[in-house]
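With compact mmCIF, N, CA, C and O atoms inside, this is structure.txt:
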# COMPACT_ATOMS: atom_id res chain seq x y z
N MET A 25 -3.54 -10.54 24.38
CA MET A 25 -2.94 -9.23 24.58
C MET A 25 -3.99 -8.16 24.27
O MET A 25 -4.77 -8.30 23.35
N ASN A 26 -3.97 -7.10 25.01
CA ASN A 26 -4.93 -6.02 24.83
C ASN A 26 -4.27 -4.88 24.07
O ASN A 26 -3.34 -4.26 24.55
N HIS A 27 -4.74 -4.59 22.87
CA HIS A 27 -4.16 -3.55 22.02
C HIS A 27 -5.06 -2.31 22.03
O HIS A 27 -6.26 -2.41 22.22
N SER A 28 -4.44 -1.16 21.79
CA SER A 28 -5.18 0.10 21.79
C SER A 28 -6.23 0.12 20.68
O SER A 28 -6.11 -0.58 19.68
N GLU A 29 -7.23 0.96 20.88
CA GLU A 29 -8.31 1.08 19.90
C GLU A 29 -7.79 1.59 18.56
O GLU A 29 -8.24 1.12 17.50
N ASP A 30 -6.87 2.55 18.59
CA ASP A 30 -6.38 3.09 17.31
C ASP A 30 -5.60 2.05 16.52
O ASP A 30 -5.73 1.94 15.31
N LEU A 31 -4.84 1.20 17.22
CA LEU A 31 -4.10 0.14 16.54
C LEU A 31 -5.06 -0.93 16.01
O LEU A 31 -4.88 -1.43 14.90
N GLN A 32 -6.09 -1.23 16.76
CA GLN A 32 -7.09 -2.20 16.29
C GLN A 32 -7.81 -1.68 15.05
O GLN A 32 -8.11 -2.45 14.13
N ARG A 33 -8.08 -0.38 15.01
CA ARG A 33 -8.73 0.22 13.84
C ARG A 33 -7.86 0.06 12.60
O ARG A 33 -8.34 -0.30 11.52
N VAL A 34 -6.55 0.30 12.76
CA VAL A 34 -5.62 0.13 11.65
C VAL A 34 -5.60 -1.33 11.21
O VAL A 34 -5.68 -1.64 10.02
N ALA A 35 -5.50 -2.24 12.17
CA ALA A 35 -5.46 -3.67 11.84
C ALA A 35 -6.71 -4.11 11.08
O ALA A 35 -6.62 -4.86 10.10
N LYS A 36 -7.85 -3.62 11.51
CA LYS A 36 -9.11 -3.98 10.85
C LYS A 36 -9.14 -3.47 9.41
O LYS A 36 -9.66 -4.13 8.51
N ARG A 37 -8.56 -2.30 9.17
CA ARG A 37 -8.58 -1.71 7.84
C ARG A 37 -7.58 -2.37 6.89
O ARG A 37 -7.91 -2.65 5.74
N VAL A 38 -6.36 -2.64 7.36
CA VAL A 38 -5.33 -3.15 6.43
C VAL A 38 -5.34 -4.67 6.29
O VAL A 38 -4.83 -5.21 5.31
N VAL A 39 -5.89 -5.37 7.27
CA VAL A 39 -6.03 -6.83 7.18
C VAL A 39 -7.51 -7.13 7.42
O VAL A 39 -7.93 -7.51 8.50
N TRP A 40 -8.29 -6.92 6.38
CA TRP A 40 -9.74 -6.97 6.46
C TRP A 40 -10.29 -8.38 6.61
O TRP A 40 -11.43 -8.55 6.97
N PHE A 41 -9.46 -9.39 6.39
CA PHE A 41 -9.93 -10.77 6.38
C PHE A 41 -9.68 -11.51 7.69
O PHE A 41 -9.94 -12.71 7.78
N LYS A 42 -9.17 -10.82 8.72
CA LYS A 42 -8.93 -11.43 10.03
C LYS A 42 -9.42 -10.49 11.13
O LYS A 42 -9.41 -9.27 10.95
N PRO A 43 -9.76 -11.03 12.28
CA PRO A 43 -10.10 -10.15 13.40
C PRO A 43 -8.86 -9.34 13.82
O PRO A 43 -7.73 -9.87 13.77
N PRO A 44 -9.03 -8.09 14.21
CA PRO A 44 -7.89 -7.24 14.57
C PRO A 44 -6.96 -7.84 15.62
O PRO A 44 -5.74 -7.75 15.49
N GLU A 45 -7.52 -8.45 16.67
CA GLU A 45 -6.66 -9.02 17.71
C GLU A 45 -5.77 -10.12 17.16
O GLU A 45 -4.60 -10.24 17.53
N GLU A 46 -6.32 -10.93 16.28
CA GLU A 46 -5.53 -12.01 15.66
C GLU A 46 -4.43 -11.41 14.79
O GLU A 46 -3.28 -11.86 14.82
N THR A 47 -4.77 -10.40 14.03
CA THR A 47 -3.78 -9.72 13.19
C THR A 47 -2.66 -9.13 14.02
O THR A 47 -1.48 -9.27 13.69
N LEU A 48 -3.01 -8.46 15.10
CA LEU A 48 -2.00 -7.79 15.92
C LEU A 48 -1.11 -8.78 16.67
O LEU A 48 -0.02 -8.40 17.11
N ASN A 49 -1.52 -10.01 16.78
CA ASN A 49 -0.67 -11.04 17.38
C ASN A 49 0.37 -11.56 16.41
O ASN A 49 1.26 -12.32 16.79
N GLU A 50 0.26 -11.18 15.15
CA GLU A 50 1.23 -11.56 14.11
C GLU A 50 1.90 -10.29 13.60
O GLU A 50 1.54 -9.74 12.56
N THR A 51 2.88 -9.81 14.36
CA THR A 51 3.50 -8.50 14.10
C THR A 51 4.01 -8.36 12.67
O THR A 51 3.74 -7.36 12.02
N LYS A 52 4.74 -9.35 12.19
CA LYS A 52 5.31 -9.24 10.85
C LYS A 52 4.22 -9.12 9.79
O LYS A 52 4.29 -8.27 8.89
N LEU A 53 3.19 -9.92 9.90
CA LEU A 53 2.08 -9.86 8.94
C LEU A 53 1.38 -8.50 9.01
O LEU A 53 1.12 -7.87 7.99
N PHE A 54 1.12 -8.04 10.23
CA PHE A 54 0.45 -6.76 10.42
C PHE A 54 1.27 -5.62 9.81
O PHE A 54 0.76 -4.81 9.02
N LEU A 55 2.55 -5.55 10.17
CA LEU A 55 3.37 -4.45 9.67
C LEU A 55 3.56 -4.51 8.16
O LEU A 55 3.58 -3.46 7.50
N ALA A 56 3.67 -5.69 7.60
CA ALA A 56 3.79 -5.80 6.14
C ALA A 56 2.54 -5.23 5.47
O ALA A 56 2.64 -4.53 4.45
N HIS A 57 1.38 -5.51 6.04
CA HIS A 57 0.14 -4.96 5.48
C HIS A 57 0.07 -3.45 5.66
O HIS A 57 -0.37 -2.74 4.75
N VAL A 58 0.51 -2.95 6.80
CA VAL A 58 0.55 -1.49 7.00
C VAL A 58 1.48 -0.85 5.99
O VAL A 58 1.15 0.18 5.38
N MET A 59 2.63 -1.48 5.76
CA MET A 59 3.63 -0.93 4.84
C MET A 59 3.14 -0.96 3.39
O MET A 59 3.61 -0.17 2.57
N THR A 60 2.21 -1.83 3.08
CA THR A 60 1.71 -1.95 1.71
C THR A 60 0.39 -1.22 1.51
O THR A 60 0.20 -0.50 0.54
N TYR A 61 -0.54 -1.41 2.44
CA TYR A 61 -1.91 -0.90 2.25
C TYR A 61 -2.26 0.28 3.16
O TYR A 61 -3.33 0.86 3.02
N GLY A 62 -1.37 0.61 4.09
CA GLY A 62 -1.68 1.65 5.06
C GLY A 62 -1.67 3.05 4.48
O GLY A 62 -0.88 3.37 3.60
N THR A 63 -2.55 3.87 5.03
CA THR A 63 -2.52 5.30 4.71
C THR A 63 -1.43 5.94 5.56
O THR A 63 -0.86 5.29 6.47
N LEU A 64 -1.15 7.19 5.32
CA LEU A 64 -0.17 7.89 6.14
C LEU A 64 -0.58 7.86 7.61
O LEU A 64 0.25 7.62 8.50
N ASP A 65 -1.87 8.06 7.89
CA ASP A 65 -2.36 7.99 9.27
C ASP A 65 -2.14 6.60 9.88
O ASP A 65 -1.78 6.48 11.05
N ASP A 66 -2.37 5.55 9.09
CA ASP A 66 -2.15 4.19 9.57
C ASP A 66 -0.68 3.97 9.94
O ASP A 66 -0.36 3.38 10.97
N ILE A 67 0.20 4.46 9.09
CA ILE A 67 1.64 4.30 9.32
C ILE A 67 2.07 5.07 10.56
O ILE A 67 2.81 4.55 11.40
N VAL A 68 1.60 6.29 10.69
CA VAL A 68 1.94 7.10 11.87
C VAL A 68 1.45 6.40 13.15
O VAL A 68 2.16 6.34 14.16
N THR A 69 0.24 5.86 13.11
CA THR A 69 -0.29 5.14 14.28
C THR A 69 0.58 3.94 14.59
O THR A 69 0.96 3.72 15.75
N ALA A 70 0.92 3.14 13.60
CA ALA A 70 1.75 1.95 13.83
C ALA A 70 3.12 2.34 14.38
O ALA A 70 3.66 1.66 15.26
N MET A 71 3.65 3.45 13.92
CA MET A 71 4.98 3.89 14.37
C MET A 71 4.96 4.38 15.82
O MET A 71 6.02 4.50 16.44
N LYS A 72 3.78 4.65 16.36
CA LYS A 72 3.69 5.00 17.78
C LYS A 72 3.92 3.76 18.64
O LYS A 72 4.33 3.87 19.79
N TYR A 73 3.62 2.59 18.11
CA TYR A 73 3.67 1.35 18.89
C TYR A 73 4.81 0.41 18.50
O TYR A 73 5.15 -0.47 19.28
N TYR A 74 5.35 0.58 17.31
CA TYR A 74 6.42 -0.29 16.83
C TYR A 74 7.63 0.55 16.47
O TYR A 74 7.50 1.66 15.97
N SER A 75 8.80 -0.01 16.69
CA SER A 75 10.05 0.72 16.44
C SER A 75 10.48 0.61 14.98
O SER A 75 9.98 -0.24 14.23
N ASP A 76 11.45 1.43 14.61
CA ASP A 76 12.05 1.32 13.28
C ASP A 76 12.63 -0.07 13.09
O ASP A 76 12.56 -0.64 12.00
N ALA A 77 13.19 -0.63 14.15
CA ALA A 77 13.76 -1.99 14.06
C ALA A 77 12.68 -3.02 13.72
O ALA A 77 12.92 -3.96 12.96
N ASP A 78 11.48 -2.84 14.26
CA ASP A 78 10.37 -3.75 13.95
C ASP A 78 10.02 -3.69 12.46
O ASP A 78 9.82 -4.71 11.82
N PHE A 79 9.94 -2.47 11.93
CA PHE A 79 9.63 -2.30 10.51
C PHE A 79 10.76 -2.89 9.65
O PHE A 79 10.51 -3.56 8.66
N ASP A 80 11.98 -2.62 10.05
CA ASP A 80 13.13 -3.11 9.29
C ASP A 80 13.18 -4.65 9.28
O ASP A 80 13.51 -5.26 8.26
N LEU A 81 12.82 -5.27 10.39
CA LEU A 81 12.81 -6.74 10.44
C LEU A 81 11.84 -7.34 9.43
O LEU A 81 12.08 -8.44 8.92
N VAL A 82 10.75 -6.66 9.16
CA VAL A 82 9.79 -7.14 8.16
C VAL A 82 10.47 -7.22 6.80
O VAL A 82 10.24 -8.17 6.04
N LEU A 83 11.35 -6.28 6.50
CA LEU A 83 12.04 -6.27 5.22
C LEU A 83 13.13 -7.33 5.14
O LEU A 83 13.43 -7.85 4.07
N ILE A 84 13.70 -7.68 6.27
CA ILE A 84 14.76 -8.69 6.31
C ILE A 84 14.18 -10.09 6.11
O ILE A 84 14.79 -10.93 5.45
N ASP A 85 13.00 -10.32 6.66
CA ASP A 85 12.34 -11.62 6.50
C ASP A 85 10.87 -11.38 6.15
O ASP A 85 9.98 -11.60 6.97
N PRO A 86 10.61 -10.92 4.92
CA PRO A 86 9.25 -10.50 4.56
C PRO A 86 8.32 -11.68 4.28
O PRO A 86 8.74 -12.70 3.75
N PRO A 87 7.06 -11.52 4.63
CA PRO A 87 6.09 -12.51 4.20
C PRO A 87 5.85 -12.34 2.70
O PRO A 87 5.72 -11.22 2.21
N ALA A 88 5.84 -13.42 1.97
CA ALA A 88 5.65 -13.36 0.52
C ALA A 88 4.20 -13.06 0.18
O ALA A 88 3.28 -13.41 0.92
N GLY A 89 4.01 -12.38 -0.93
CA GLY A 89 2.68 -12.17 -1.45
C GLY A 89 1.94 -10.96 -0.91
O GLY A 89 0.78 -10.76 -1.24
N ILE A 90 2.59 -10.14 -0.10
CA ILE A 90 1.90 -8.96 0.46
C ILE A 90 2.38 -7.68 -0.22
O ILE A 90 1.57 -6.88 -0.68
N PHE A 91 3.67 -7.48 -0.30
CA PHE A 91 4.21 -6.23 -0.84
C PHE A 91 3.97 -6.12 -2.34
O PHE A 91 4.10 -7.09 -3.08
N ASP A 92 3.66 -4.90 -2.79
CA ASP A 92 3.69 -4.60 -4.21
C ASP A 92 5.05 -3.94 -4.47
O ASP A 92 5.77 -3.59 -3.54
N LEU A 93 5.41 -3.81 -5.74
CA LEU A 93 6.74 -3.32 -6.08
C LEU A 93 6.99 -1.91 -5.55
O LEU A 93 8.07 -1.60 -5.04
N GLN A 94 6.00 -1.03 -5.64
CA GLN A 94 6.18 0.35 -5.19
C GLN A 94 6.44 0.41 -3.68
O GLN A 94 7.35 1.09 -3.23
N SER A 95 5.63 -0.29 -2.90
CA SER A 95 5.81 -0.29 -1.44
C SER A 95 7.13 -0.94 -1.05
O SER A 95 7.84 -0.45 -0.18
N TRP A 96 7.44 -2.05 -1.69
CA TRP A 96 8.67 -2.77 -1.40
C TRP A 96 9.89 -1.87 -1.66
O TRP A 96 10.80 -1.78 -0.84
N THR A 97 9.88 -1.18 -2.77
CA THR A 97 10.99 -0.29 -3.12
C THR A 97 11.08 0.87 -2.14
O THR A 97 12.16 1.18 -1.62
N TYR A 98 9.96 1.50 -1.85
CA TYR A 98 9.95 2.65 -0.94
C TYR A 98 10.53 2.27 0.42
O TYR A 98 11.44 2.93 0.94
N TRP A 99 10.01 1.20 1.03
CA TRP A 99 10.44 0.85 2.39
C TRP A 99 11.89 0.38 2.43
O TRP A 99 12.61 0.67 3.39
N ASN A 100 12.34 -0.32 1.41
CA ASN A 100 13.75 -0.73 1.38
C ASN A 100 14.66 0.47 1.26
O ASN A 100 15.71 0.51 1.91
N LEU A 101 14.29 1.45 0.46
CA LEU A 101 15.10 2.66 0.37
C LEU A 101 15.05 3.46 1.66
O LEU A 101 16.05 4.02 2.11
N ARG A 102 13.88 3.49 2.28
CA ARG A 102 13.75 4.22 3.56
C ARG A 102 14.66 3.65 4.63
O ARG A 102 15.25 4.36 5.43
N TYR A 103 14.81 2.32 4.64
CA TYR A 103 15.67 1.67 5.63
C TYR A 103 17.05 1.33 5.07
O TYR A 103 17.77 0.51 5.62
N ARG A 104 17.38 1.99 3.97
CA ARG A 104 18.72 1.94 3.37
C ARG A 104 19.17 0.53 2.98
O ARG A 104 20.33 0.17 3.15
N HIS A 105 18.26 -0.24 2.44
CA HIS A 105 18.61 -1.54 1.89
C HIS A 105 18.87 -1.33 0.40
O HIS A 105 17.95 -1.39 -0.42
N GLU A 106 20.12 -1.03 0.08
CA GLU A 106 20.47 -0.76 -1.31
C GLU A 106 21.57 -1.71 -1.73
O GLU A 106 22.51 -1.91 -0.97
N PRO A 107 21.48 -2.28 -2.91
CA PRO A 107 20.37 -2.15 -3.84
C PRO A 107 19.12 -2.85 -3.28
O PRO A 107 19.22 -3.74 -2.43
N VAL A 108 17.99 -2.42 -3.76
CA VAL A 108 16.73 -3.00 -3.29
C VAL A 108 16.69 -4.48 -3.71
O VAL A 108 16.89 -4.79 -4.87
N PRO A 109 16.46 -5.38 -2.75
CA PRO A 109 16.40 -6.80 -3.10
C PRO A 109 15.15 -7.10 -3.94
O PRO A 109 14.21 -6.30 -3.97
N PRO A 110 15.16 -8.25 -4.60
CA PRO A 110 13.97 -8.62 -5.38
C PRO A 110 12.74 -8.74 -4.48
O PRO A 110 12.84 -9.09 -3.30
N LEU A 111 11.61 -8.47 -5.06
CA LEU A 111 10.33 -8.60 -4.37
C LEU A 111 10.17 -10.05 -3.89
O LEU A 111 10.46 -10.98 -4.63
N PRO A 112 9.74 -10.25 -2.64
CA PRO A 112 9.56 -11.63 -2.16
C PRO A 112 8.51 -12.36 -3.00
O PRO A 112 7.50 -11.78 -3.39
N GLN A 113 8.79 -13.59 -3.28
CA GLN A 113 7.90 -14.41 -4.09
C GLN A 113 7.39 -15.59 -3.27
O GLN A 113 8.10 -16.12 -2.43
N ARG A 114 6.18 -16.00 -3.57
CA ARG A 114 5.66 -17.23 -2.97
C ARG A 114 6.29 -18.41 -3.69
O ARG A 114 6.47 -18.37 -4.90
N GLU A 115 6.62 -19.42 -2.93
CA GLU A 115 7.17 -20.63 -3.53
C GLU A 115 6.12 -21.72 -3.49
O GLU A 115 5.50 -21.95 -2.45
N PHE A 116 5.93 -22.34 -4.62
CA PHE A 116 4.97 -23.43 -4.71
C PHE A 116 5.74 -24.73 -4.88
O PHE A 116 6.67 -24.80 -5.69
N PRO A 117 5.35 -25.75 -4.15
CA PRO A 117 6.05 -27.03 -4.29
C PRO A 117 5.79 -27.65 -5.66
O PRO A 117 4.75 -27.41 -6.28
N ASP A 118 6.77 -28.39 -6.11
CA ASP A 118 6.59 -29.12 -7.38
C ASP A 118 5.55 -30.21 -7.15
O ASP A 118 5.60 -30.93 -6.15
N ILE A 119 4.63 -30.30 -8.07
CA ILE A 119 3.61 -31.34 -7.99
C ILE A 119 3.99 -32.42 -9.00
O ILE A 119 4.16 -32.12 -10.19
N PRO A 120 4.15 -33.63 -8.51
CA PRO A 120 4.53 -34.70 -9.44
C PRO A 120 3.44 -34.94 -10.49
O PRO A 120 2.25 -34.87 -10.18
N THR A 121 3.88 -35.18 -11.70
CA THR A 121 2.92 -35.49 -12.76
C THR A 121 2.63 -37.00 -12.75
O THR A 121 3.49 -37.80 -12.42
N ILE A 122 1.43 -37.31 -13.09
CA ILE A 122 1.03 -38.72 -13.06
C ILE A 122 1.09 -39.27 -14.45
O ILE A 122 0.79 -38.72 -15.43
Structure re-expressed in structure tokens:
Amino acid sequence: MNHSEDLQRVAKRVVWFKPPEETLNETKLFLAHVMTYGTLDDIVTAMKYYSDADFDLVLIDPPAGIFDLQSWTYWNLRYRHEPVPPLPQREFPDIPTI
């Protein structure tokens, strides 16, 4: 998929460990990073290309390990998810002891 230069710039800044095109192919991951690490300009740019429903879906099924408490609280209140649900946590499988 061919994404605009401004969106690629945002992707490169907020997900510094992947190529922008790869990041933009994973909408939920990209938007979660924008919602956590994005500047106001990054958010405004993303909102030109993604709907409120897209942002809200990230909160309904969030990737674990990206949001900090402040960002998580802000976005949940913005999309009227009250009370704010607990911050998503990574789950680690139980490792059997030998």
* **Nearest to A:Gln94, chosen from A:Met59, A:Phe54, A:Asp66, A:Leu31, with all atoms listed in the file counted in the distances** =>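 Among the listed residues, the smallest separation from A:Gln94 belongs to A:Met59.
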* Asked: Rounded to one decimal in Å, what is the spacing between atom N of A:Thr60 and atom C of A:Asp30?
  -> 16.0 Å
* Asked: Can you tell me, as number ranges by chain, what residues are no more than 8 Å from A:Ile90 when counting all atoms listed in the file, ignoring any on the same chain fewer than 5 positions away?
  -> A: 53, 56-57, 59-61, 95-96, 112-114
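Counting only N, CA, C and O atoms, the residue from A:Pro43, A:Asp92, A:Ala70, A:Trp99 that sits nearest to A:Leu111 is A:Asp92.
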* Given only N, CA, C and O atoms as the counted atoms, nearest of A:Arg33, A:Tyr74, A:Glu115, A:Glu106 to A:Gly89 ->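 When distances to A:Gly89 are compared using only N, CA, C and O atoms, the smallest one comes from A:Glu115.
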Give me, as a Markdown table, each residue of stretch 60-83 of chain A that comes within 8 Å of stretch 47-51 of chain A, together with its shortest interatomic pair and the distance in Å at one decimal, counting only N, CA, C and O atoms, with rows ordered by chain and rising residue number.
| residue | atom | partner | partner_atom | distance |
| --- | --- | --- | --- | --- |
| A:Asp78 | O | A:Thr51 | O | 6.6 |
| A:Phe79 | N | A:Thr51 | O | 7.9 |
| A:Val82 | CA | A:Thr51 | O | 7.2 |
* DSSP on the backbone: what in stretch 47-87 of chain A comes out helix (DSSP H, G or I), as a VMD selection string? -> chain A and resid 47 to 48 51 to 61 64 to 73 76 to 84
Once you have the residues from the selection above, write them out as a CSV table (one decimal), keeping the file's coordinate frame, restricted to N, CA, C and O atoms.
chain,number,residue,atom,x,y,z
A,47,THR,N,-4.8,-10.4,14.0
A,47,THR,CA,-3.8,-9.7,13.2
A,47,THR,C,-2.7,-9.1,14.0
A,47,THR,O,-1.5,-9.3,13.7
A,48,LEU,N,-3.0,-8.5,15.1
A,48,LEU,CA,-2.0,-7.8,15.9
A,48,LEU,C,-1.1,-8.8,16.7
A,48,LEU,O,0.0,-8.4,17.1
A,51,THR,N,2.9,-9.8,14.4
A,51,THR,CA,3.5,-8.5,14.1
A,51,THR,C,4.0,-8.4,12.7
A,51,THR,O,3.7,-7.4,12.0
A,52,LYS,N,4.7,-9.4,12.2
A,52,LYS,CA,5.3,-9.2,10.8
A,52,LYS,C,4.2,-9.1,9.8
A,52,LYS,O,4.3,-8.3,8.9
A,53,LEU,N,3.2,-9.9,9.9
A,53,LEU,CA,2.1,-9.9,8.9
A,53,LEU,C,1.4,-8.5,9.0
A,53,LEU,O,1.1,-7.9,8.0
A,54,PHE,N,1.1,-8.0,10.2
A,54,PHE,CA,0.4,-6.8,10.4
A,54,PHE,C,1.3,-5.6,9.8
A,54,PHE,O,0.8,-4.8,9.0
A,55,LEU,N,2.6,-5.6,10.2
A,55,LEU,CA,3.4,-4.4,9.7
A,55,LEU,C,3.6,-4.5,8.2
A,55,LEU,O,3.6,-3.5,7.5
A,56,ALA,N,3.7,-5.7,7.6
A,56,ALA,CA,3.8,-5.8,6.1
A,56,ALA,C,2.5,-5.2,5.5
A,56,ALA,O,2.6,-4.5,4.4
A,57,HIS,N,1.4,-5.5,6.0
A,57,HIS,CA,0.1,-5.0,5.5
A,57,HIS,C,0.1,-3.4,5.7
A,57,HIS,O,-0.4,-2.7,4.8
A,58,VAL,N,0.5,-3.0,6.8
A,58,VAL,CA,0.6,-1.5,7.0
A,58,VAL,C,1.5,-0.8,6.0
A,58,VAL,O,1.2,0.2,5.4
A,59,MET,N,2.6,-1.5,5.8
A,59,MET,CA,3.6,-0.9,4.8
A,59,MET,C,3.1,-1.0,3.4
A,59,MET,O,3.6,-0.2,2.6
A,60,THR,N,2.2,-1.8,3.1
A,60,THR,CA,1.7,-2.0,1.7
A,60,THR,C,0.4,-1.2,1.5
A,60,THR,O,0.2,-0.5,0.5
A,61,TYR,N,-0.5,-1.4,2.4
A,61,TYR,CA,-1.9,-0.9,2.2
A,61,TYR,C,-2.3,0.3,3.2
A,61,TYR,O,-3.3,0.9,3.0
A,64,LEU,N,-1.2,7.2,5.3
A,64,LEU,CA,-0.2,7.9,6.1
A,64,LEU,C,-0.6,7.9,7.6
A,64,LEU,O,0.2,7.6,8.5
A,65,ASP,N,-1.9,8.1,7.9
A,65,ASP,CA,-2.4,8.0,9.3
A,65,ASP,C,-2.1,6.6,9.9
A,65,ASP,O,-1.8,6.5,11.0
A,66,ASP,N,-2.4,5.6,9.1
A,66,ASP,CA,-2.2,4.2,9.6
A,66,ASP,C,-0.7,4.0,9.9
A,66,ASP,O,-0.4,3.4,11.0
A,67,ILE,N,0.2,4.5,9.1
A,67,ILE,CA,1.6,4.3,9.3
A,67,ILE,C,2.1,5.1,10.6
A,67,ILE,O,2.8,4.6,11.4
A,68,VAL,N,1.6,6.3,10.7
A,68,VAL,CA,1.9,7.1,11.9
A,68,VAL,C,1.4,6.4,13.2
A,68,VAL,O,2.2,6.3,14.2
A,69,THR,N,0.2,5.9,13.1
A,69,THR,CA,-0.3,5.1,14.3
A,69,THR,C,0.6,3.9,14.6
A,69,THR,O,1.0,3.7,15.8
A,70,ALA,N,0.9,3.1,13.6
A,70,ALA,CA,1.8,2.0,13.8
A,70,ALA,C,3.1,2.3,14.4
A,70,ALA,O,3.7,1.7,15.3
A,71,MET,N,3.6,3.4,13.9
A,71,MET,CA,5.0,3.9,14.4
A,71,MET,C,5.0,4.4,15.8
A,71,MET,O,6.0,4.5,16.4
A,72,LYS,N,3.8,4.6,16.4
A,72,LYS,CA,3.7,5.0,17.8
A,72,LYS,C,3.9,3.8,18.6
A,72,LYS,O,4.3,3.9,19.8
A,73,TYR,N,3.6,2.6,18.1
A,73,TYR,CA,3.7,1.4,18.9
A,73,TYR,C,4.8,0.4,18.5
A,73,TYR,O,5.2,-0.5,19.3
A,76,ASP,N,11.4,1.4,14.6
A,76,ASP,CA,12.0,1.3,13.3
A,76,ASP,C,12.6,-0.1,13.1
A,76,ASP,O,12.6,-0.6,12.0
A,77,ALA,N,13.2,-0.6,14.2
A,77,ALA,CA,13.8,-2.0,14.1
A,77,ALA,C,12.7,-3.0,13.7
A,77,ALA,O,12.9,-4.0,13.0
A,78,ASP,N,11.5,-2.8,14.3
A,78,ASP,CA,10.4,-3.8,14.0
A,78,ASP,C,10.0,-3.7,12.5
A,78,ASP,O,9.8,-4.7,11.8
A,79,PHE,N,9.9,-2.5,11.9
A,79,PHE,CA,9.6,-2.3,10.5
A,79,PHE,C,10.8,-2.9,9.6
A,79,PHE,O,10.5,-3.6,8.7
A,80,ASP,N,12.0,-2.6,10.0
A,80,ASP,CA,13.1,-3.1,9.3
A,80,ASP,C,13.2,-4.6,9.3
A,80,ASP,O,13.5,-5.3,8.3
A,81,LEU,N,12.8,-5.3,10.4
A,81,LEU,CA,12.8,-6.7,10.4
A,81,LEU,C,11.8,-7.3,9.4
A,81,LEU,O,12.1,-8.4,8.9
A,82,VAL,N,10.8,-6.7,9.2
A,82,VAL,CA,9.8,-7.1,8.2
A,82,VAL,C,10.5,-7.2,6.8
A,82,VAL,O,10.2,-8.2,6.0
A,83,LEU,N,11.4,-6.3,6.5
A,83,LEU,CA,12.0,-6.3,5.2
A,83,LEU,C,13.1,-7.3,5.1
A,83,LEU,O,13.4,-7.8,4.1
A,84,ILE,N,13.7,-7.7,6.3
A,84,ILE,CA,14.8,-8.7,6.3
A,84,ILE,C,14.2,-10.1,6.1
A,84,ILE,O,14.8,-10.9,5.4
* To do: Tell me, in Å to one decimal, how far atom C of A:Val58 is from atom N of A:Asp80.
  => 11.4 Å
* To do: Find the distance between atom CA of A:Val39 and atom CA of A:Arg104 and write it in Å to one decimal.
  => 26.5 Å
